[in-house]
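Please read the structure below before turning to the comments.
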Amino acid sequence: MLPGMFRRLNGWKLFFFRMRNGARWFHTCHGDTADPENAMKAMVLNKLGERLEWTDFADRQPGPGEIRVKVSACGVCRTDLHVVDGELPNPQVPIIPGHEIVGRIDAIGADVEGLDMGERVGIPWLGHTCGICPYCRGNQENLCDRPLFTGYTRDGGFATATIADARYAFPLGEAGDDAALAPLLCAGLIGWRSLVIAGIGKKLGLYGFGAAAHIVAQVAKWQGRSVFAFTRPGDASTQTFARSLGAAWAGGSDETPPGPLDAAIIFAVVGDLVPLALKAVRKGGRVVCAGIHMSDIPSFPYRLLWEERQIVSVANLQRQDGIDFLRLAPEIGIVTHTTTYPLNQANQALADLRAGRFEGAAVLVP
Ligand SMILES: [Zn+2]
Ligand SMILES: [Zn+2]
């Protein structure tokens with residue numbers, strides 16, 4: 001079939017597949033008939049624990065309240081590894097991972113307000129909330145009982161295009177490079193929420209100095225705080241990287257900082273760090289666990305928690321976090337350190353992230 005013919009028939013074909021497959025997308029076997037302008041390619045997780053597969057899809061149309069975004073960059077996050085490894089509950093496969101999406105709107109569904117064709121937007125981890133559960137109504141939409149998460153329970157941005165709930169897309173303006181902005185959508189946002197929850201103390205410890213910490217360090221410094229960066233023991237190059245971003249001190253997670261910390265944020269997925277961080281904070285200090293998944297926390301003597309030290313976790317984000325952080329980011333002048341990979345090299349990017357082979361953040365570019 002000629003592309004032009006396909007385009008004319010496209011609406012009917014899509015209707016047919018929607019009828020057959022409900023709201024779920026379908027893998028196309030019609031590579032020779034797909035509309036070349038709208039055909040979509042993606043790196044798909046078909047089976048937990050296995051490599052992502054390069055897959056062709058027919059074009060997708062946004063439904064009511066949705067937008068289609070042509071992806072120009074998508075960050076690779078530690079959470080993507082948890083999704084691929086099957087470490088998160090209720091995994092949904094096949095799924096297109098990726099939740100640090102920067103792109104431009106190229107189709108708008110019915111009932112979408114405030115967004116324009118061609119506008120650059122960012123799509124974060126929080127992809128949808130129900131709006132009616134006690135958490136949504138109690139201003140805690142990050143804890144929604146029936147959420148959808150981008151790249152985990154709804155298809156994400158390891159693709160040339162994606163469909164998003166328009167209410168969860170952030171306008172990004174025109175300042176800044178697409179790939180440089182991508183890590184702000186999760187590493188930056190979750191880092192920001194963690195920083196707010198850590199409180200206003202001046203001496204801040206960051207355990208695990210990857211994508212999130214390298215952004216948070218810049219924000220904290222801009223706020224006039226001192227950053228103490230903890231890396232894997234002996235990781236001199238990451239310690240140097242942390243100092244280059246303004247850390248007052250950098251050392252191994254087994255080292256004692258020069259004085260007690262007011263708060264610590266743990267970005268690494270290592271439960272052993274929790275008692276170490278508790279030991280490093282002062283009386284009344286707070287330890288914030290920022291990861292969605294962590295290895296077991298070993299038992300520790302109660303005296304480490306005594307004197308009103310606290311351990312809290314940060315889950316997901318609220319849209320207000322995005323609005324607050326993305327408004328401030330240009331003012332702070334955050335510089336993200338990125339390593340870009342072509343989209344079809346997503347497996348390599350994930351492997352390099354797992355092995356800690358780069359500083360900062362990995363970003364896929366279609
Ligand atoms: Zn993430
Ligand atoms: Zn809800």
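Order determines the names: the first chain of the structure tokens is A, the second B, and so forth; residues in each chain are numbered 1 upward, and ligands are numbered 1 upward as they are shown.
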Residues up to 9 Å from ligand 2, counting only C-alpha atoms and all ligand atoms: could you list those as a ChimeraX atom specification?
/A:128-137,140-147
Find the residues of chain A that sit at most 9 Å from ligand 1; for each, write down the nearest two atoms and how far apart they are in Å, to one decimal. Count only C-alpha atoms and all ligand atoms. Sort by chain, then by number going up, and give it as JSON lines.
```
{"residue": "A:Gly75", "atom": "CA", "partner": "ligand 1", "partner_atom_place_in_ligand_line": "1 (Zn)", "distance": 8.3}
{"residue": "A:Val76", "atom": "CA", "partner": "ligand 1", "partner_atom_place_in_ligand_line": "1 (Zn)", "distance": 7.4}
{"residue": "A:Cys77", "atom": "CA", "partner": "ligand 1", "partner_atom_place_in_ligand_line": "1 (Zn)", "distance": 4.5}
{"residue": "A:Arg78", "atom": "CA", "partner": "ligand 1", "partner_atom_place_in_ligand_line": "1 (Zn)", "distance": 6.1}
{"residue": "A:Thr79", "atom": "CA", "partner": "ligand 1", "partner_atom_place_in_ligand_line": "1 (Zn)", "distance": 5.0}
{"residue": "A:Asp80", "atom": "CA", "partner": "ligand 1", "partner_atom_place_in_ligand_line": "1 (Zn)", "distance": 6.9}
{"residue": "A:Gly98", "atom": "CA", "partner": "ligand 1", "partner_atom_place_in_ligand_line": "1 (Zn)", "distance": 8.0}
{"residue": "A:His99", "atom": "CA", "partner": "ligand 1", "partner_atom_place_in_ligand_line": "1 (Zn)", "distance": 6.3}
{"residue": "A:Glu100", "atom": "CA", "partner": "ligand 1", "partner_atom_place_in_ligand_line": "1 (Zn)", "distance": 6.9}
{"residue": "A:Pro124", "atom": "CA", "partner": "ligand 1", "partner_atom_place_in_ligand_line": "1 (Zn)", "distance": 8.1}
{"residue": "A:Trp125", "atom": "CA", "partner": "ligand 1", "partner_atom_place_in_ligand_line": "1 (Zn)", "distance": 6.4}
{"residue": "A:Pro183", "atom": "CA", "partner": "ligand 1", "partner_atom_place_in_ligand_line": "1 (Zn)", "distance": 8.5}
{"residue": "A:Leu185", "atom": "CA", "partner": "ligand 1", "partner_atom_place_in_ligand_line": "1 (Zn)", "distance": 7.8}
{"residue": "A:Cys186", "atom": "CA", "partner": "ligand 1", "partner_atom_place_in_ligand_line": "1 (Zn)", "distance": 4.5}
{"residue": "A:Ala187", "atom": "CA", "partner": "ligand 1", "partner_atom_place_in_ligand_line": "1 (Zn)", "distance": 5.9}
{"residue": "A:Leu189", "atom": "CA", "partner": "ligand 1", "partner_atom_place_in_ligand_line": "1 (Zn)", "distance": 8.8}
{"residue": "A:Ile190", "atom": "CA", "partner": "ligand 1", "partner_atom_place_in_ligand_line": "1 (Zn)", "distance": 7.6}
{"residue": "A:Ala212", "atom": "CA", "partner": "ligand 1", "partner_atom_place_in_ligand_line": "1 (Zn)", "distance": 8.9}
{"residue": "A:Gly291", "atom": "CA", "partner": "ligand 1", "partner_atom_place_in_ligand_line": "1 (Zn)", "distance": 8.8}
{"residue": "A:Ile292", "atom": "CA", "partner": "ligand 1", "partner_atom_place_in_ligand_line": "1 (Zn)", "distance": 8.7}
{"residue": "A:Asn316", "atom": "CA", "partner": "ligand 1", "partner_atom_place_in_ligand_line": "1 (Zn)", "distance": 8.7}
```
Could those residues be written to a file, using C-alpha atoms, as a short mmCIF file (atom, residue, chain, number, x, y, z; two decimals), in the first residue's frame?
```cif
data_model
loop_
_atom_site.label_atom_id
_atom_site.label_comp_id
_atom_site.auth_asym_id
_atom_site.auth_seq_id
_atom_site.Cartn_x
_atom_site.Cartn_y
_atom_site.Cartn_z
CA GLY A 75 17.01 10.72 30.21
CA VAL A 76 17.94 7.32 31.58
CA CYS A 77 17.18 6.97 35.28
CA ARG A 78 18.07 4.42 37.92
CA THR A 79 14.33 3.67 38.11
CA ASP A 80 14.46 2.44 34.50
CA GLY A 98 11.74 6.34 30.04
CA HIS A 99 10.33 9.15 32.16
CA GLU A 100 12.62 12.13 31.61
CA PRO A 124 7.92 13.32 34.14
CA TRP A 125 7.48 10.07 36.07
CA PRO A 183 17.67 14.93 33.51
CA LEU A 185 12.51 15.79 34.65
CA CYS A 186 13.29 13.11 37.23
CA ALA A 187 16.78 13.42 38.69
CA LEU A 189 12.52 16.89 40.26
CA ILE A 190 12.96 14.04 42.72
CA ALA A 212 20.19 13.45 40.94
CA GLY A 291 15.07 6.03 45.73
CA ILE A 292 12.04 4.02 44.67
CA ASN A 316 7.22 10.26 43.21
#
```
Closest pair table for range 142-220 of chain A residues within 6 Å of range 101-122 of chain A, only C-alpha atoms, as CSV:
```
residue,atom,partner,partner_atom,distance
A:Gly157,CA,A:Ile101,CA,5.6
A:Ala169,CA,A:Gly122,CA,5.6
A:Phe170,CA,A:Gly122,CA,5.0
A:Pro171,CA,A:Val121,CA,4.4
A:Leu172,CA,A:Val121,CA,5.1
A:Ala182,CA,A:Val102,CA,5.7
```
Preceding selection exported with C-alpha atoms as a tab-separated table (two decimals), in the first residue's frame:
```tsv
chain	number	residue	atom	x	y	z
A	157	GLY	CA	10.05	8.09	26.19
A	169	ALA	CA	3.25	17.75	30.95
A	170	PHE	CA	5.33	20.77	31.91
A	171	PRO	CA	5.89	23.59	29.39
A	172	LEU	CA	9.68	24.05	29.19
A	182	ALA	CA	16.02	15.87	30.18
```
Per residue of range 241-310 of chain A within 6 Å of range 193-206 of chain A, note the shortest atom pair and the distance in Å to one decimal, counting only C-alpha atoms, and order the rows by chain and increasing residue number, as CSV.
```
residue,atom,partner,partner_atom,distance
A:Leu261,CA,A:Lys203,CA,5.1
A:Asp262,CA,A:Gly201,CA,5.1
A:Ala263,CA,A:Leu204,CA,5.2
A:Ala264,CA,A:Gly205,CA,4.2
A:Ile265,CA,A:Leu206,CA,5.1
```
Can you check which residues of range 152-278 of chain A DSSP gives as alpha helix (DSSP H) on the backbone and send them as a count of residues only?
43
Which residues, written as a PyMOL selection string, have at least one atom at most 7 Å from range 216-229 of chain A, with only C-alpha atoms counted and residues fewer than 4 positions away on the same chain left out?
chain A and resi 188+191-192+202-207+209+212+242+245-251+332+334
Quick one: which range 141-213 of chain A residues come within 12 Å of range 45-54 of chain A, and what is the nearest atom pair for each with the distance in Å to one decimal, counting only C-alpha atoms, rows ordered by chain and ascending number, as a tab-separated table?
```
residue	atom	partner	partner_atom	distance
A:Gly151	CA	A:Leu45	CA	9.9
A:Tyr152	CA	A:Leu45	CA	10.1
A:Thr153	CA	A:Leu45	CA	12.0
A:Asp155	CA	A:Leu45	CA	10.3
A:Gly156	CA	A:Leu45	CA	11.0
A:Phe158	CA	A:Leu52	CA	9.7
A:Ala159	CA	A:Trp54	CA	9.2
A:Thr160	CA	A:Trp54	CA	11.2
```
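Distance check against Ile266 in chain A using only C-alpha atoms: of A:Gly234, A:Gly360, A:Gly176, A:Gly210, the minimum falls on A:Gly210.
Compared by their closest atoms to Gly252 in chain A, and using only C-alpha atoms, the residues A:His293, A:Gly173, A:Ala179, A:Gly208 rank with A:Gly208 nearest.
CA of Val44 in chain A to CA of Asp56 in chain A spans 9.7 Å [interatomic distance, one decimal].
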